[in-house]
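Below you'll find the structure, written out as structure tokens, and then a few comments.
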Amino acid sequence: MDGYTTLFSALEQLSNSRAVTLHMPGHKRNAAGVQFLEKLGAAYDITELEGFDNLHEPRGILKEAERRAAALWGSQRCFFLVNGSTGGILAAVRALSLATGSDRLIMARNCHRSVYNAAQLCALKTIYIAAPTAENLGFSGSITPESVEAAVRLAPGAPVILTSPTYEGIVSNIADIAIICHMYGCPLIVDSAHGAHFGLSRAFPAGAVKAGADIVIQSVHKTLAGLTQTAILHLNSALVTAAELQTQLGIFQTSSPSYPLMASIDGTVALIEKRGKQLFGDWEARLDRFDAAASALRSLKTPGHGELFECQLRRGTPGYRVKGLAPNSVWDFDRSKIIIDCTKAGISGIELSRLLRERFGIYCETASRGFCIAMTGLLDCDENTLALTRALRALDDELSSGEYTHTGLPSKPTGGTSTTKSVSHRTESGNGVQFPTELPTRRMEALEALHTPREAVPLEACVGRVAAEYVWRYPPGVALLVPGEEISEELLSALLLGRAAEEPISGSAGSLPEKITVVKTQ
């Protein structure tokens with residue numbers, strides 16, 4: 001830290017100066033007396049002034065900030081991103097498709113929607129890799145090295161992109177996958193948006209940067225201390241130049257990057273350099289205490305916490321298996337995610353999330369029919385984890401004893417008027433919408449399906465039709481259906497159940513939930 005000026009400290013120094021602001025933005029850093037500007041830190045909101053560098057051609061303070069970030073995670077080069085991991089993914093796919101000259105993209109089927117958008121923008125034909133289903137949990141398990149090798153054999157030299165960790169915290173064996181990809185001349189991109197904390201502490205997995213992936217994209221805001229929309233892209237490859245990546249980032253990122261956003265990335269790096277050992281140690285201790293308490297739950301379960309995956313018990317052992325699951329379905333797990341499985345509790349994850357919110361003031365990250373997810377982070381506090389522990393114990397006691405017959409606010413609400421409504425105890429508690437065991441039948445490429453005559457049909461009447469729109473579950477933004485794929489009875493059943501449970505499912509054409517856009521028949 002000695003001799004290093006963070007971007008935030010430079011902005012603070014400018015704010016305290018008497019500089020005349022005859023430049024953008026229009027608020028002129030004159031936030032005094034304007035509450036929303038004061039609260040949002042407009043005093044630090046500037047344009048590319050002398051001494052504050054240019055994100056698209058960094059030579060000064062931003063170049064040094066990116067250098068320190070690369071050193072922290074151990075990458076060759078680091079790029080700051082101000083429109084989330086999405087911009088990094090778009091730029092990475094574009095850069096590697098140009099560098100390799102391939103018209104193919106090998107991608108995990110459970111990739112984020114930005115990967116599908118990148119394939120569409122670059123007119124790439126996709127080869128999908130299916131993740132095994134993590135049975136009884138309602139989401140995908142780890143991508144296996146064997147499935148990657150089967151895919152890269154079909155298109156040697158084509159870029160490969162996977163997600164690790166997933167939204168649910170499932171980690172794949174990136175080290176072995178990277179070796180296989182490089183054997184076939186395929187550069188490997190890892191969407192590690194939810195894994196920025198990897199590789200910074202022994203409490204969490206080592207991460208894709210250290211595992212040998214060519215490009216790794218991480219969101220700084222999801223688990224660390226960056227403001228929402230901040231991310232970083234790591235380059236660890238000679239298969240694409242930093243100059244080409246910089247060019248593509250200039251296309252997919254704004255030409256007016258936010259200095260408060262960039263300052264929060266640099267500030268996060270400085271925070272971890274100075275206090276990382278203590279902060280990560282406290283985080284690990286909180287999770288240890290939660291695990292001990294969660295092991296006593298009877299109806300609600302917390303995979304990876306109260307019930308450990310076998311990979312957590314046997315780290316370093318080849319052929320990881322998970323208790324009660326198919327072999328290799330979970331290679332490793334990110335314990336910063338708390339999955340609350342309620343499939344045996346007689347309650348849906350959506351209802352559980354509502355109960356946690358209304359009765360205990362706890363807002364979870366997301367909910368599905370079979371589970372909800374609570375996220376922890378670097379600057380979490382003991383009170384948060386303790387509040388979740390107490391709430392789960394209370395609800396688990398009600399569910400296990402049969403006392404849970406209605407929902408509503410507690411008898412002593414923290415605010416507002418208490419309301420109660422009767423609901424059935426035996427709520428539908430199946431798993432959340434998940435990918436079919438086998439990939440859907442593809443009738444045409446997605447780009448072709450999006451440019452053929454289309455029509456909207458009732459959802460109930462879509463079996464056998466070819467989709468002409470994406471169907472997303474957001475969050476986390478994974479595709480349940482891709483244009484060009486045939487709609488199966490299995491998928492329709494999952495969509496109808498999801499709609500009835502008010503799961504966050506949407507289509508790209510705006511016709512869901514009542515209708516779905518399909519290729520028009522002749």
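Simple scheme: letters A, B, ... for chains in structure tokens order, numbers from 1 for residues in each chain, numbers from 1 for ligands in the order shown.
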
Which of region 185-362 of chain A DSSP labels strand (DSSP E), written as a short mmCIF file (atom, residue, chain, number, x, y, z; two decimals) with N, CA and C atoms, in the first residue's frame:
data_model
loop_
_atom_site.label_atom_id
_atom_site.label_comp_id
_atom_site.auth_asym_id
_atom_site.auth_seq_id
_atom_site.Cartn_x
_atom_site.Cartn_y
_atom_site.Cartn_z
N LEU A 188 -10.08 -21.44 -23.39
CA LEU A 188 -11.14 -21.64 -22.40
C LEU A 188 -11.48 -20.33 -21.70
N ILE A 189 -12.76 -19.95 -21.79
CA ILE A 189 -13.30 -18.81 -21.05
C ILE A 189 -14.11 -19.36 -19.88
N VAL A 190 -13.92 -18.82 -18.70
CA VAL A 190 -14.72 -19.22 -17.55
C VAL A 190 -15.49 -18.02 -17.04
N ASP A 191 -16.81 -18.14 -17.08
CA ASP A 191 -17.67 -17.15 -16.44
C ASP A 191 -17.67 -17.46 -14.95
N ILE A 215 -9.25 -16.98 -20.19
CA ILE A 215 -9.92 -15.74 -19.79
C ILE A 215 -10.90 -16.07 -18.68
N VAL A 216 -10.88 -15.28 -17.63
CA VAL A 216 -11.80 -15.46 -16.50
C VAL A 216 -12.48 -14.13 -16.22
N ILE A 217 -13.79 -14.17 -16.11
CA ILE A 217 -14.55 -12.95 -15.82
C ILE A 217 -15.19 -13.10 -14.45
N GLN A 218 -15.01 -12.07 -13.59
CA GLN A 218 -15.52 -12.12 -12.22
C GLN A 218 -16.26 -10.82 -11.90
N SER A 219 -17.40 -10.94 -11.25
CA SER A 219 -18.12 -9.77 -10.77
C SER A 219 -17.59 -9.39 -9.39
N ALA A 231 -17.01 -5.37 -12.40
CA ALA A 231 -16.45 -6.69 -12.67
C ALA A 231 -15.02 -6.53 -13.17
N ILE A 232 -14.33 -7.66 -13.33
CA ILE A 232 -12.98 -7.66 -13.85
C ILE A 232 -12.83 -8.81 -14.83
N LEU A 233 -11.96 -8.62 -15.81
CA LEU A 233 -11.64 -9.68 -16.76
C LEU A 233 -10.15 -9.97 -16.64
N HIS A 234 -9.83 -11.26 -16.44
CA HIS A 234 -8.44 -11.69 -16.33
C HIS A 234 -8.01 -12.37 -17.62
N LEU A 235 -6.84 -12.01 -18.12
CA LEU A 235 -6.26 -12.65 -19.29
C LEU A 235 -5.06 -13.46 -18.86
N ASP A 332 -17.02 -29.69 -6.71
CA ASP A 332 -16.65 -28.86 -5.57
C ASP A 332 -17.79 -27.86 -5.35
N PHE A 333 -17.78 -27.23 -4.17
CA PHE A 333 -18.89 -26.37 -3.79
C PHE A 333 -18.38 -25.10 -3.15
N LYS A 337 -22.44 -19.68 -0.68
CA LYS A 337 -23.86 -19.79 -1.01
C LYS A 337 -24.53 -20.73 0.01
N ILE A 338 -25.68 -20.30 0.49
CA ILE A 338 -26.47 -21.13 1.40
C ILE A 338 -27.74 -21.54 0.68
N ILE A 339 -27.79 -22.80 0.27
CA ILE A 339 -28.97 -23.36 -0.40
C ILE A 339 -29.88 -23.94 0.67
N ILE A 340 -31.11 -23.47 0.73
CA ILE A 340 -32.07 -23.97 1.71
C ILE A 340 -33.06 -24.84 0.98
N ASP A 341 -32.87 -26.14 1.08
CA ASP A 341 -33.68 -27.13 0.36
C ASP A 341 -34.91 -27.47 1.19
#

All residues 10 Å or closer to Lys520 (chain A), only C-alpha atoms, same chain fewer than 2 positions away omitted, as a VMD selection string:
chain A and resid 449 452 to 457 465 to 468 517 to 518 522

Residues near Arg29 (chain A), anyone? I mean within 12 Å using only C-alpha atoms, not counting same-chain ones fewer than 3 positions away, as a list in words.
Leu11, Glu12, Leu14, Ser15, Asn16, Ser17, Arg18, Ala19, Val20, Thr21, Leu22, His23, Met24, Pro25, Gly26, Ala32, Gly33, Val34, Leu37, Glu38, Leu40, Gly41, Ala42, Ala43, Tyr44, Asp45, Ile46 and Thr47 of chain A

Atoms to include: N, CA and C atoms. Write the selected residues as an mmCIF file, in the first residue's frame.
data_model
loop_
_atom_site.group_PDB
_atom_site.id
_atom_site.type_symbol
_atom_site.label_atom_id
_atom_site.label_comp_id
_atom_site.auth_asym_id
_atom_site.auth_seq_id
_atom_site.Cartn_x
_atom_site.Cartn_y
_atom_site.Cartn_z
ATOM 1 N N LEU A 11 -9.959 10.852 -6.207
ATOM 2 C CA LEU A 11 -11.251 11.514 -6.386
ATOM 3 C C LEU A 11 -11.596 12.372 -5.171
ATOM 4 N N GLU A 12 -11.269 11.863 -3.999
ATOM 5 C CA GLU A 12 -11.534 12.610 -2.771
ATOM 6 C C GLU A 12 -10.709 13.891 -2.729
ATOM 7 N N LEU A 14 -9.610 15.566 -5.320
ATOM 8 C CA LEU A 14 -10.191 16.485 -6.295
ATOM 9 C C LEU A 14 -11.452 17.137 -5.746
ATOM 10 N N SER A 15 -12.281 16.340 -5.056
ATOM 11 C CA SER A 15 -13.533 16.855 -4.505
ATOM 12 C C SER A 15 -13.273 17.944 -3.474
ATOM 13 N N ASN A 16 -12.189 17.787 -2.732
ATOM 14 C CA ASN A 16 -11.867 18.760 -1.683
ATOM 15 C C ASN A 16 -11.136 19.992 -2.216
ATOM 16 N N SER A 17 -10.781 19.956 -3.487
ATOM 17 C CA SER A 17 -10.073 21.090 -4.073
ATOM 18 C C SER A 17 -11.073 22.153 -4.538
ATOM 19 N N ARG A 18 -10.561 23.246 -5.012
ATOM 20 C CA ARG A 18 -11.416 24.332 -5.491
ATOM 21 C C ARG A 18 -11.414 24.394 -7.014
ATOM 22 N N ALA A 19 -11.239 23.237 -7.643
ATOM 23 C CA ALA A 19 -11.174 23.184 -9.098
ATOM 24 C C ALA A 19 -12.508 23.621 -9.709
ATOM 25 N N VAL A 20 -12.428 24.382 -10.794
ATOM 26 C CA VAL A 20 -13.623 24.831 -11.519
ATOM 27 C C VAL A 20 -14.018 23.741 -12.510
ATOM 28 N N THR A 21 -15.258 23.258 -12.449
ATOM 29 C CA THR A 21 -15.693 22.094 -13.228
ATOM 30 C C THR A 21 -16.439 22.512 -14.490
ATOM 31 N N LEU A 22 -15.700 22.935 -15.490
ATOM 32 C CA LEU A 22 -16.302 23.270 -16.785
ATOM 33 C C LEU A 22 -16.198 22.060 -17.719
ATOM 34 N N HIS A 23 -16.759 20.964 -17.265
ATOM 35 C CA HIS A 23 -16.722 19.696 -18.006
ATOM 36 C C HIS A 23 -17.927 18.866 -17.582
ATOM 37 N N MET A 24 -18.117 17.726 -18.233
ATOM 38 C CA MET A 24 -19.183 16.808 -17.817
ATOM 39 C C MET A 24 -18.832 16.240 -16.439
ATOM 40 N N PRO A 25 -19.814 15.735 -15.702
ATOM 41 C CA PRO A 25 -21.253 15.700 -15.967
ATOM 42 C C PRO A 25 -21.952 17.007 -15.573
ATOM 43 N N GLY A 26 -23.225 17.090 -15.927
ATOM 44 C CA GLY A 26 -23.961 18.329 -15.761
ATOM 45 C C GLY A 26 -24.219 18.747 -14.333
ATOM 46 N N ALA A 32 -24.205 19.615 -2.928
ATOM 47 C CA ALA A 32 -24.684 20.190 -1.663
ATOM 48 C C ALA A 32 -26.133 20.634 -1.779
ATOM 49 N N GLY A 33 -26.953 20.133 -0.854
ATOM 50 C CA GLY A 33 -28.355 20.514 -0.808
ATOM 51 C C GLY A 33 -29.262 19.723 -1.718
ATOM 52 N N VAL A 34 -28.705 18.871 -2.567
ATOM 53 C CA VAL A 34 -29.511 18.001 -3.439
ATOM 54 C C VAL A 34 -29.343 16.580 -2.900
ATOM 55 N N LEU A 37 -28.149 13.450 -4.937
ATOM 56 C CA LEU A 37 -26.768 13.558 -5.396
ATOM 57 C C LEU A 37 -25.780 13.399 -4.249
ATOM 58 N N GLU A 38 -26.110 13.981 -3.101
ATOM 59 C CA GLU A 38 -25.247 13.821 -1.931
ATOM 60 C C GLU A 38 -25.137 12.351 -1.538
ATOM 61 N N LEU A 40 -25.703 9.712 -3.302
ATOM 62 C CA LEU A 40 -25.126 8.846 -4.321
ATOM 63 C C LEU A 40 -23.663 9.157 -4.614
ATOM 64 N N GLY A 41 -23.090 10.103 -3.920
ATOM 65 C CA GLY A 41 -21.666 10.385 -4.064
ATOM 66 C C GLY A 41 -21.298 11.114 -5.334
ATOM 67 N N ALA A 42 -22.150 12.049 -5.772
ATOM 68 C CA ALA A 42 -21.888 12.776 -7.017
ATOM 69 C C ALA A 42 -20.621 13.613 -6.937
ATOM 70 N N ALA A 43 -20.151 13.896 -5.743
ATOM 71 C CA ALA A 43 -18.925 14.677 -5.608
ATOM 72 C C ALA A 43 -17.722 13.963 -6.214
ATOM 73 N N TYR A 44 -17.842 12.641 -6.404
ATOM 74 C CA TYR A 44 -16.749 11.854 -6.964
ATOM 75 C C TYR A 44 -17.018 11.428 -8.410
ATOM 76 N N ASP A 45 -18.081 11.948 -8.987
ATOM 77 C CA ASP A 45 -18.501 11.548 -10.330
ATOM 78 C C ASP A 45 -17.911 12.522 -11.348
ATOM 79 N N ILE A 46 -16.910 12.066 -12.097
ATOM 80 C CA ILE A 46 -16.209 12.948 -13.023
ATOM 81 C C ILE A 46 -16.124 12.304 -14.400
ATOM 82 N N THR A 47 -15.549 13.027 -15.325
ATOM 83 C CA THR A 47 -15.225 12.486 -16.635
ATOM 84 C C THR A 47 -13.719 12.243 -16.708
#

Every residue of region 110-277 of chain A that DSSP places in alpha helix (DSSP H), as a PyMOL selection string:
chain A and resi 113-121+145-152+174-183+208-211+220-223+242-252+259-277

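Taking CA of Met444 (chain A) and CA of Ala123 (chain A) as the two end points, the separation is 13.5 Å.
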
Exercise: Trp283 (chain A) partners within 8 Å, only C-alpha atoms, chain neighbours under 6 positions left out, as a ChimeraX atom specification:
/A:377-378,380

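Reported to one decimal place, the separation of CA of Ala155 (chain A) from CA of Ala99 (chain A) is 15.0 Å.
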
List the spatial neighbours of Ala119 (chain A) as a ChimeraX atom specification - criterion: any atom at most 12 Å away, only C-alpha atoms, same-chain residues fewer than 6 positions off excluded.
/A:89-97,102-107,111-113,125-128,159-161,445-447,482

Residue contacts of Ala69 (chain A) (8 Å, only C-alpha atoms) excluding same-chain residues fewer than 6 positions away, as an mmCIF file with C-alpha atoms, in the first residue's frame:
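So the final result, stored in around-v1.cif, reads:
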data_model
loop_
_atom_site.group_PDB
_atom_site.id
_atom_site.type_symbol
_atom_site.label_atom_id
_atom_site.label_comp_id
_atom_site.auth_asym_id
_atom_site.auth_seq_id
_atom_site.Cartn_x
_atom_site.Cartn_y
_atom_site.Cartn_z
ATOM 1 C CA CYS A 78 -6.589 -7.512 -15.700
ATOM 2 C CA ASP A 266 -9.760 -0.414 -6.968
ATOM 3 C CA VAL A 269 -8.385 -4.532 -4.197
#

Near-region 166-177 of chain A list (9 Å; only C-alpha atoms; drop same-chain fewer than 6 positions) as number ranges by chain
A: 110-111, 139-146, 148-149, 188, 190-195, 205, 207-208, 210-213, 330-339, 373, 475-476

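Relative to CA of Ser400 (chain A), CA of Arg298 (chain A) is found at 6.6 Å.
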
Under the rule that only C-alpha atoms are counted, which of A:Thr247, A:Ser258, A:Ser164, A:Ser511 is the nearest residue to Leu98 (chain A)?
A:Thr247
